[in-house]
Amino acid sequence: DGSIVAGGGGGNKKTERSLNYATSTRHHPGSTAKPIMDYGPAIEYLNWSTGQTIIDDDYTYTGGGQIKNFDNQHKGVMTIKNALAQSRNIPALQAFQAVSQSQIKTFVTNLGITPEYENGFINEAHSIGGFNGTNPLEMAAAYATFARGGIYIEPYSFTSAEFLDTGEVYTVTPEKRTVMSEATAYMINIILRNAVTNNYVSAGSKSGTDIASKTGTSTIDSKYIKSLGIKGDVIGDSWQMVYSPDYTIGLWIGYKETTKETYLLNSDAGKIKKPMVRQLIKDIFEPNSR
């Protein structure tokens, strides 16, 4: 219904009103941007279906520069159902390029996400989440739009407030806006549910409830990592979006900035993220709900 049920502002909090990582910071969303920036618009405006084929092969950005998949491999002809579920970067860029800039802008901003502009254009790095960023609250609201069939509701944290000096009561009336077709939302739901049921994404389970999920990881320039003297698979941000017909969870793991003392390893992010997601699903998601 758009209400914020709970929010975690960060770990090891010892002071009041400190930086809230759930609402007040911006981070690259990585591959969690793909349903929003790439496949959602392509389904909505180009009438793509889950069976639309796309080619996962050597590919470059329009302005040059190679784009690679996370495994540095190619899988050839794929359906977008498999390309998104398996989070292939090259098909994502192709989907982004197939849609007009104005259509991407409309789709993305209607979901509460603010893109970056470079000389009046949305940079193609957006296709894999490489932009100024977003936060867990914004992303949860965007993904909840898929869950409720294409209707966006701006998140709200209270339902009414009474002014003690006048007795006036201000009531929150959530605005519901249809921002995509029900068919578009349905197909994204099918794909992200498929990602879970086929174990492309680890998200646990809840009896009788459909669970859909998408993960995302942002990278850090290797030269910068080397300059810090850090070893290992260092990443910038680790995300997981999980939703059922009732609730959406937006989980981000990372640091305000990467330093020699504060950095995130991909392996450590997985160890944190997996049990957190499973516990949240166990405690929050409603059973026997579709």
# chains A, B, ... in the order shown; residues from 1 in each chain; ligands from 1
>>> closest_atom_pairs(of="range 207-241 of chain A", to="range 121-140 of chain A", cutoff="12 Å", atoms="only C-alpha atoms", output="tab-separated table")
residue	atom	partner	partner_atom	distance
A:Ser213	CA	A:Ala140	CA	11.4
A:Lys214	CA	A:Met139	CA	11.2
A:Thr215	CA	A:Gly129	CA	11.3
A:Gly216	CA	A:Gly129	CA	8.3
A:Thr217	CA	A:Gly129	CA	8.6
A:Ser218	CA	A:Gly129	CA	7.5
A:Thr219	CA	A:Gly130	CA	9.0
A:Ile220	CA	A:Gly130	CA	10.7
A:Gly236	CA	A:Gly130	CA	11.2
A:Asp237	CA	A:Gly133	CA	10.6
A:Ser238	CA	A:Pro136	CA	11.2
A:Trp239	CA	A:Pro136	CA	8.6
A:Gln240	CA	A:Pro136	CA	9.3
A:Met241	CA	A:Ala140	CA	7.1
>>> write_last_selection(atoms="N, CA, C and O atoms", output="mmCIF file, in the first residue's frame")
data_model
loop_
_atom_site.group_PDB
_atom_site.id
_atom_site.type_symbol
_atom_site.label_atom_id
_atom_site.label_comp_id
_atom_site.auth_asym_id
_atom_site.auth_seq_id
_atom_site.Cartn_x
_atom_site.Cartn_y
_atom_site.Cartn_z
ATOM 1 N N SER A 213 13.136 -11.496 -7.178
ATOM 2 C CA SER A 213 14.325 -10.831 -6.643
ATOM 3 C C SER A 213 15.317 -10.476 -7.738
ATOM 4 O O SER A 213 15.349 -11.105 -8.799
ATOM 5 N N LYS A 214 16.114 -9.455 -7.451
ATOM 6 C CA LYS A 214 17.211 -9.048 -8.342
ATOM 7 C C LYS A 214 18.350 -8.536 -7.483
ATOM 8 O O LYS A 214 18.137 -7.771 -6.536
ATOM 9 N N THR A 215 19.558 -8.950 -7.807
ATOM 10 C CA THR A 215 20.740 -8.491 -7.097
ATOM 11 C C THR A 215 21.509 -7.491 -7.948
ATOM 12 O O THR A 215 21.282 -7.369 -9.153
ATOM 13 N N GLY A 216 22.425 -6.787 -7.312
ATOM 14 C CA GLY A 216 23.245 -5.836 -8.039
ATOM 15 C C GLY A 216 24.551 -5.568 -7.322
ATOM 16 O O GLY A 216 24.599 -5.599 -6.089
ATOM 17 N N THR A 217 25.594 -5.318 -8.099
ATOM 18 C CA THR A 217 26.916 -5.036 -7.549
ATOM 19 C C THR A 217 27.554 -3.911 -8.354
ATOM 20 O O THR A 217 27.479 -3.910 -9.582
ATOM 21 N N SER A 218 28.147 -2.963 -7.677
ATOM 22 C CA SER A 218 28.879 -1.910 -8.378
ATOM 23 C C SER A 218 30.374 -2.151 -8.230
ATOM 24 O O SER A 218 30.831 -2.715 -7.238
ATOM 25 N N THR A 219 31.106 -1.742 -9.246
ATOM 26 C CA THR A 219 32.550 -1.957 -9.245
ATOM 27 C C THR A 219 33.288 -0.659 -8.889
ATOM 28 O O THR A 219 32.731 0.428 -8.944
ATOM 29 N N ILE A 220 34.548 -0.810 -8.547
ATOM 30 C CA ILE A 220 35.417 0.331 -8.241
ATOM 31 C C ILE A 220 36.634 0.261 -9.149
ATOM 32 O O ILE A 220 37.142 -0.836 -9.428
ATOM 33 N N GLY A 236 32.013 -1.809 -4.718
ATOM 34 C CA GLY A 236 31.524 -0.584 -4.111
ATOM 35 C C GLY A 236 30.246 -0.782 -3.326
ATOM 36 O O GLY A 236 30.141 -0.389 -2.165
ATOM 37 N N ASP A 237 29.269 -1.420 -3.961
ATOM 38 C CA ASP A 237 27.951 -1.593 -3.352
ATOM 39 C C ASP A 237 27.426 -2.983 -3.657
ATOM 40 O O ASP A 237 27.670 -3.539 -4.735
ATOM 41 N N SER A 238 26.681 -3.531 -2.726
ATOM 42 C CA SER A 238 26.010 -4.810 -2.937
ATOM 43 C C SER A 238 24.530 -4.637 -2.614
ATOM 44 O O SER A 238 24.179 -4.167 -1.525
ATOM 45 N N TRP A 239 23.670 -4.985 -3.555
ATOM 46 C CA TRP A 239 22.234 -4.776 -3.431
ATOM 47 C C TRP A 239 21.459 -6.082 -3.574
ATOM 48 O O TRP A 239 21.902 -7.003 -4.252
ATOM 49 N N GLN A 240 20.279 -6.111 -2.961
ATOM 50 C CA GLN A 240 19.296 -7.132 -3.304
ATOM 51 C C GLN A 240 17.900 -6.564 -3.090
ATOM 52 O O GLN A 240 17.581 -6.043 -2.015
ATOM 53 N N MET A 241 17.103 -6.640 -4.142
ATOM 54 C CA MET A 241 15.703 -6.262 -4.083
ATOM 55 C C MET A 241 14.891 -7.543 -4.060
ATOM 56 O O MET A 241 15.105 -8.437 -4.890
#
>>> select_by_dssp(residues="range 53-91 of chain A", states="strand (DSSP E)", output="compact mmCIF listing (two decimals) with all heavy atoms, in the first residue's frame")
# COMPACT_ATOMS: atom_id res chain seq x y z
N THR A 53 14.21 -12.23 -28.25
CA THR A 53 15.60 -12.69 -28.27
C THR A 53 16.56 -11.52 -28.40
O THR A 53 16.24 -10.47 -28.96
CB THR A 53 15.84 -13.68 -29.42
OG1 THR A 53 15.46 -13.08 -30.67
CG2 THR A 53 15.05 -14.96 -29.20
N ILE A 54 17.74 -11.74 -27.88
CA ILE A 54 18.79 -10.73 -27.87
C ILE A 54 20.12 -11.48 -27.94
O ILE A 54 20.18 -12.66 -27.55
CB ILE A 54 18.66 -9.88 -26.58
CG1 ILE A 54 19.21 -8.49 -26.77
CG2 ILE A 54 19.24 -10.58 -25.38
CD1 ILE A 54 18.66 -7.46 -25.79
N ILE A 55 21.16 -10.85 -28.45
CA ILE A 55 22.42 -11.56 -28.67
C ILE A 55 23.47 -11.13 -27.65
O ILE A 55 23.84 -9.96 -27.56
CB ILE A 55 22.96 -11.33 -30.09
CG1 ILE A 55 21.94 -11.83 -31.12
CG2 ILE A 55 24.28 -12.07 -30.29
CD1 ILE A 55 22.32 -11.54 -32.56
N ASP A 56 23.93 -12.09 -26.89
CA ASP A 56 24.98 -11.87 -25.90
C ASP A 56 26.32 -12.23 -26.56
O ASP A 56 26.73 -13.37 -26.57
CB ASP A 56 24.71 -12.74 -24.68
CG ASP A 56 25.75 -12.54 -23.58
OD1 ASP A 56 26.47 -11.54 -23.62
OD2 ASP A 56 25.84 -13.40 -22.68
N GLY A 76 25.57 -16.08 -26.52
CA GLY A 76 24.90 -16.09 -27.82
C GLY A 76 23.45 -15.62 -27.74
O GLY A 76 23.11 -14.73 -26.95
N VAL A 77 22.60 -16.24 -28.54
CA VAL A 77 21.20 -15.84 -28.60
C VAL A 77 20.49 -16.25 -27.30
O VAL A 77 20.56 -17.41 -26.89
CB VAL A 77 20.49 -16.49 -29.81
CG1 VAL A 77 19.02 -16.10 -29.83
CG2 VAL A 77 21.16 -16.05 -31.10
N MET A 78 19.83 -15.28 -26.68
CA MET A 78 19.12 -15.53 -25.42
C MET A 78 17.76 -14.84 -25.47
O MET A 78 17.56 -13.86 -26.19
CB MET A 78 19.88 -14.94 -24.22
CG MET A 78 21.29 -15.39 -24.03
SD MET A 78 22.00 -14.64 -22.53
CE MET A 78 21.14 -15.57 -21.24
N THR A 79 16.84 -15.33 -24.67
CA THR A 79 15.60 -14.58 -24.45
C THR A 79 15.88 -13.55 -23.36
O THR A 79 16.79 -13.72 -22.54
CB THR A 79 14.46 -15.49 -23.98
OG1 THR A 79 14.81 -16.07 -22.71
CG2 THR A 79 14.18 -16.60 -24.99
>>> residues_around(residues="range 221-235 of chain A", least_positions_apart="2", cutoff="10 Å", atoms="only C-alpha atoms", output="number ranges by chain")
A: 217-219, 237-238, 254, 258-261, 263-269
>>> closest_atom_pairs(of="range 48-106 of chain A", to="range 169-193 of chain A", cutoff="12 Å", atoms="only C-alpha atoms", output="JSON lines")
{"residue": "A:Trp48", "atom": "CA", "partner": "A:Thr184", "partner_atom": "CA", "distance": 9.0}
{"residue": "A:Ser49", "atom": "CA", "partner": "A:Met187", "partner_atom": "CA", "distance": 7.3}
{"residue": "A:Thr50", "atom": "CA", "partner": "A:Met187", "partner_atom": "CA", "distance": 6.4}
{"residue": "A:Gly51", "atom": "CA", "partner": "A:Met187", "partner_atom": "CA", "distance": 10.1}
{"residue": "A:Gln52", "atom": "CA", "partner": "A:Met187", "partner_atom": "CA", "distance": 11.5}
{"residue": "A:Thr79", "atom": "CA", "partner": "A:Ile191", "partner_atom": "CA", "distance": 10.5}
{"residue": "A:Ile80", "atom": "CA", "partner": "A:Ile191", "partner_atom": "CA", "distance": 8.4}
{"residue": "A:Lys81", "atom": "CA", "partner": "A:Ile191", "partner_atom": "CA", "distance": 5.3}
{"residue": "A:Asn82", "atom": "CA", "partner": "A:Ile191", "partner_atom": "CA", "distance": 7.6}
{"residue": "A:Ala83", "atom": "CA", "partner": "A:Ile191", "partner_atom": "CA", "distance": 9.3}
{"residue": "A:Leu84", "atom": "CA", "partner": "A:Ile191", "partner_atom": "CA", "distance": 7.1}
{"residue": "A:Ala85", "atom": "CA", "partner": "A:Ile191", "partner_atom": "CA", "distance": 6.1}
{"residue": "A:Gln86", "atom": "CA", "partner": "A:Leu192", "partner_atom": "CA", "distance": 9.7}
{"residue": "A:Ser87", "atom": "CA", "partner": "A:Leu192", "partner_atom": "CA", "distance": 10.4}
{"residue": "A:Gln103", "atom": "CA", "partner": "A:Met180", "partner_atom": "CA", "distance": 11.5}
{"residue": "A:Thr106", "atom": "CA", "partner": "A:Val179", "partner_atom": "CA", "distance": 8.9}
>>> write_last_selection(atoms="N, CA, C and O atoms", output="PDB file, in the first residue's frame")
ATOM      1  N   TRP A  48       8.031  -5.693 -26.233  1.00  0.00           N
ATOM      2  CA  TRP A  48       8.818  -6.912 -26.103  1.00  0.00           C
ATOM      3  C   TRP A  48       8.093  -7.878 -25.169  1.00  0.00           C
ATOM      4  O   TRP A  48       7.411  -7.465 -24.225  1.00  0.00           O
ATOM      5  N   SER A  49       8.258  -9.148 -25.433  1.00  0.00           N
ATOM      6  CA  SER A  49       7.733 -10.182 -24.542  1.00  0.00           C
ATOM      7  C   SER A  49       8.903 -10.830 -23.818  1.00  0.00           C
ATOM      8  O   SER A  49      10.066 -10.548 -24.118  1.00  0.00           O
ATOM      9  N   THR A  50       8.601 -11.724 -22.897  1.00  0.00           N
ATOM     10  CA  THR A  50       9.680 -12.421 -22.194  1.00  0.00           C
ATOM     11  C   THR A  50      10.467 -13.309 -23.149  1.00  0.00           C
ATOM     12  O   THR A  50      11.598 -13.690 -22.853  1.00  0.00           O
ATOM     13  N   GLY A  51       9.867 -13.632 -24.297  1.00  0.00           N
ATOM     14  CA  GLY A  51      10.536 -14.476 -25.291  1.00  0.00           C
ATOM     15  C   GLY A  51      11.331 -13.702 -26.324  1.00  0.00           C
ATOM     16  O   GLY A  51      11.921 -14.304 -27.227  1.00  0.00           O
ATOM     17  N   GLN A  52      11.356 -12.376 -26.206  1.00  0.00           N
ATOM     18  CA  GLN A  52      12.152 -11.556 -27.132  1.00  0.00           C
ATOM     19  C   GLN A  52      13.609 -11.998 -27.073  1.00  0.00           C
ATOM     20  O   GLN A  52      14.185 -12.156 -25.998  1.00  0.00           O
ATOM     21  N   THR A  79      16.835 -15.330 -24.672  1.00  0.00           N
ATOM     22  CA  THR A  79      15.599 -14.576 -24.447  1.00  0.00           C
ATOM     23  C   THR A  79      15.881 -13.545 -23.361  1.00  0.00           C
ATOM     24  O   THR A  79      16.786 -13.723 -22.544  1.00  0.00           O
ATOM     25  N   ILE A  80      15.105 -12.463 -23.346  1.00  0.00           N
ATOM     26  CA  ILE A  80      15.330 -11.469 -22.285  1.00  0.00           C
ATOM     27  C   ILE A  80      14.948 -12.052 -20.930  1.00  0.00           C
ATOM     28  O   ILE A  80      15.438 -11.583 -19.901  1.00  0.00           O
ATOM     29  N   LYS A  81      14.088 -13.058 -20.919  1.00  0.00           N
ATOM     30  CA  LYS A  81      13.744 -13.722 -19.656  1.00  0.00           C
ATOM     31  C   LYS A  81      14.993 -14.297 -19.006  1.00  0.00           C
ATOM     32  O   LYS A  81      15.213 -14.140 -17.800  1.00  0.00           O
ATOM     33  N   ASN A  82      15.830 -14.935 -19.813  1.00  0.00           N
ATOM     34  CA  ASN A  82      17.061 -15.509 -19.278  1.00  0.00           C
ATOM     35  C   ASN A  82      18.150 -14.464 -19.110  1.00  0.00           C
ATOM     36  O   ASN A  82      18.939 -14.527 -18.167  1.00  0.00           O
ATOM     37  N   ALA A  83      18.198 -13.495 -20.013  1.00  0.00           N
ATOM     38  CA  ALA A  83      19.245 -12.466 -19.947  1.00  0.00           C
ATOM     39  C   ALA A  83      19.128 -11.642 -18.668  1.00  0.00           C
ATOM     40  O   ALA A  83      20.132 -11.344 -18.010  1.00  0.00           O
ATOM     41  N   LEU A  84      17.898 -11.259 -18.301  1.00  0.00           N
ATOM     42  CA  LEU A  84      17.708 -10.484 -17.075  1.00  0.00           C
ATOM     43  C   LEU A  84      17.861 -11.366 -15.844  1.00  0.00           C
ATOM     44  O   LEU A  84      18.505 -10.963 -14.862  1.00  0.00           O
ATOM     45  N   ALA A  85      17.281 -12.557 -15.875  1.00  0.00           N
ATOM     46  CA  ALA A  85      17.385 -13.450 -14.721  1.00  0.00           C
ATOM     47  C   ALA A  85      18.841 -13.780 -14.407  1.00  0.00           C
ATOM     48  O   ALA A  85      19.230 -13.876 -13.245  1.00  0.00           O
ATOM     49  N   GLN A  86      19.657 -13.916 -15.468  1.00  0.00           N
ATOM     50  CA  GLN A  86      21.070 -14.240 -15.288  1.00  0.00           C
ATOM     51  C   GLN A  86      21.949 -12.993 -15.219  1.00  0.00           C
ATOM     52  O   GLN A  86      23.160 -13.090 -15.096  1.00  0.00           O
ATOM     53  N   SER A  87      21.317 -11.822 -15.339  1.00  0.00           N
ATOM     54  CA  SER A  87      21.984 -10.529 -15.191  1.00  0.00           C
ATOM     55  C   SER A  87      23.153 -10.346 -16.151  1.00  0.00           C
ATOM     56  O   SER A  87      24.248  -9.924 -15.757  1.00  0.00           O
ATOM     57  N   GLN A 103      11.693   8.045 -23.734  1.00  0.00           N
ATOM     58  CA  GLN A 103      10.919   6.958 -23.144  1.00  0.00           C
ATOM     59  C   GLN A 103      11.582   6.435 -21.873  1.00  0.00           C
ATOM     60  O   GLN A 103      10.904   6.151 -20.881  1.00  0.00           O
ATOM     61  N   THR A 106      10.971   9.007 -19.114  1.00  0.00           N
ATOM     62  CA  THR A 106       9.604   8.933 -18.599  1.00  0.00           C
ATOM     63  C   THR A 106       9.425   7.739 -17.682  1.00  0.00           C
ATOM     64  O   THR A 106       8.892   7.855 -16.568  1.00  0.00           O
TER      65      THR A 106
END
>>> closest_residue(among="A:Tyr152, A:Ile249, A:Tyr61, A:Phe285", to="Ala22 in chain A", atoms="only C-alpha atoms")
A:Ile249
>>> atom_distance(atom1="CA of Ala141 in chain A", atom2="CA of Gly250 in chain A")
8.8 Å
>>> select_by_dssp(residues="range 76-232 of chain A", states="helix (DSSP H, G or I)", output="ChimeraX atom specification")
/A:80-85,89-98,101-110,124-128,136-147,182-197,222-228
>>> atom_distance(atom1="CA of Ile151 in chain A", atom2="CA of Ile4 in chain A")
16.3 Å
>>> atom_distance(atom1="CA of Glu257 in chain A", atom2="CA of Ser31 in chain A")
19.7 Å
>>> decode(residues="range 148-161 of chain A", atoms="all heavy atoms", output="short mmCIF file (atom, residue, chain, number, x, y, z; two decimals), in the first residue's frame")
data_model
loop_
_atom_site.label_atom_id
_atom_site.label_comp_id
_atom_site.auth_asym_id
_atom_site.auth_seq_id
_atom_site.Cartn_x
_atom_site.Cartn_y
_atom_site.Cartn_z
N ARG A 148 2.64 -4.35 -7.66
CA ARG A 148 1.22 -3.98 -7.63
C ARG A 148 0.65 -3.71 -9.02
O ARG A 148 -0.37 -3.03 -9.17
CB ARG A 148 0.97 -2.80 -6.68
CG ARG A 148 1.56 -1.49 -7.07
CD ARG A 148 1.08 -0.36 -6.14
NE ARG A 148 1.71 -0.42 -4.82
CZ ARG A 148 2.83 0.23 -4.52
NH1 ARG A 148 3.45 0.97 -5.43
NH2 ARG A 148 3.34 0.15 -3.31
N GLY A 149 1.33 -4.22 -10.05
CA GLY A 149 0.76 -4.20 -11.38
C GLY A 149 0.89 -2.90 -12.14
O GLY A 149 0.06 -2.58 -13.00
N GLY A 150 1.95 -2.13 -11.83
CA GLY A 150 2.22 -0.92 -12.60
C GLY A 150 1.75 0.36 -11.96
O GLY A 150 1.80 1.42 -12.58
N ILE A 151 1.32 0.31 -10.71
CA ILE A 151 0.84 1.50 -10.01
C ILE A 151 1.90 1.96 -9.01
O ILE A 151 2.30 1.21 -8.13
CB ILE A 151 -0.48 1.21 -9.27
CG1 ILE A 151 -1.57 0.81 -10.27
CG2 ILE A 151 -0.92 2.44 -8.47
CD1 ILE A 151 -2.84 0.32 -9.63
N TYR A 152 2.33 3.22 -9.17
CA TYR A 152 3.35 3.77 -8.28
C TYR A 152 2.69 4.54 -7.15
O TYR A 152 1.74 5.31 -7.36
CB TYR A 152 4.27 4.72 -9.05
CG TYR A 152 5.32 5.38 -8.17
CD1 TYR A 152 6.49 4.70 -7.83
CD2 TYR A 152 5.13 6.66 -7.67
CE1 TYR A 152 7.45 5.30 -7.02
CE2 TYR A 152 6.08 7.27 -6.86
CZ TYR A 152 7.24 6.57 -6.53
OH TYR A 152 8.17 7.15 -5.71
N ILE A 153 3.21 4.33 -5.93
CA ILE A 153 2.78 5.10 -4.76
C ILE A 153 4.05 5.62 -4.08
O ILE A 153 4.93 4.84 -3.73
CB ILE A 153 1.99 4.24 -3.75
CG1 ILE A 153 0.76 3.61 -4.42
CG2 ILE A 153 1.56 5.08 -2.55
CD1 ILE A 153 0.00 2.66 -3.52
N GLU A 154 4.13 6.91 -3.91
CA GLU A 154 5.28 7.48 -3.21
C GLU A 154 5.27 6.99 -1.77
O GLU A 154 4.24 7.04 -1.09
CB GLU A 154 5.23 9.00 -3.24
CG GLU A 154 6.45 9.66 -2.62
CD GLU A 154 6.42 11.17 -2.71
OE1 GLU A 154 5.55 11.71 -3.44
OE2 GLU A 154 7.26 11.82 -2.05
N PRO A 155 6.40 6.50 -1.26
CA PRO A 155 6.44 5.95 0.10
C PRO A 155 6.05 7.00 1.15
O PRO A 155 6.39 8.17 1.03
CB PRO A 155 7.90 5.55 0.28
CG PRO A 155 8.44 5.39 -1.09
CD PRO A 155 7.70 6.38 -1.94
N TYR A 156 5.33 6.56 2.16
CA TYR A 156 4.96 7.46 3.25
C TYR A 156 5.19 6.77 4.59
O TYR A 156 5.05 5.55 4.71
CB TYR A 156 3.50 7.92 3.12
CG TYR A 156 2.47 6.82 3.11
CD1 TYR A 156 1.81 6.43 4.28
CD2 TYR A 156 2.14 6.15 1.94
CE1 TYR A 156 0.87 5.43 4.28
CE2 TYR A 156 1.19 5.14 1.93
CZ TYR A 156 0.55 4.78 3.09
OH TYR A 156 -0.38 3.77 3.09
N SER A 157 5.55 7.56 5.61
CA SER A 157 5.94 7.00 6.90
C SER A 157 4.94 7.29 8.02
O SER A 157 5.13 6.86 9.15
CB SER A 157 7.32 7.52 7.30
OG SER A 157 7.32 8.94 7.35
N PHE A 158 3.90 8.08 7.72
CA PHE A 158 2.85 8.29 8.72
C PHE A 158 1.53 8.50 8.01
O PHE A 158 1.49 8.80 6.81
CB PHE A 158 3.18 9.51 9.61
CG PHE A 158 3.15 10.83 8.89
CD1 PHE A 158 2.02 11.64 8.92
CD2 PHE A 158 4.26 11.27 8.16
CE1 PHE A 158 1.99 12.85 8.25
CE2 PHE A 158 4.24 12.49 7.50
CZ PHE A 158 3.10 13.28 7.54
N THR A 159 0.45 8.28 8.70
CA THR A 159 -0.89 8.39 8.10
C THR A 159 -1.61 9.66 8.50
O THR A 159 -2.49 10.14 7.78
CB THR A 159 -1.75 7.18 8.49
OG1 THR A 159 -1.80 7.06 9.92
CG2 THR A 159 -1.18 5.90 7.88
N SER A 160 -1.28 10.22 9.67
CA SER A 160 -1.91 11.48 10.07
C SER A 160 -1.05 12.17 11.12
O SER A 160 -0.25 11.53 11.81
CB SER A 160 -3.31 11.24 10.63
OG SER A 160 -3.26 10.50 11.82
N ALA A 161 -1.22 13.50 11.22
CA ALA A 161 -0.50 14.28 12.22
C ALA A 161 -1.43 15.36 12.75
O ALA A 161 -2.12 16.04 11.99
CB ALA A 161 0.74 14.92 11.60
#
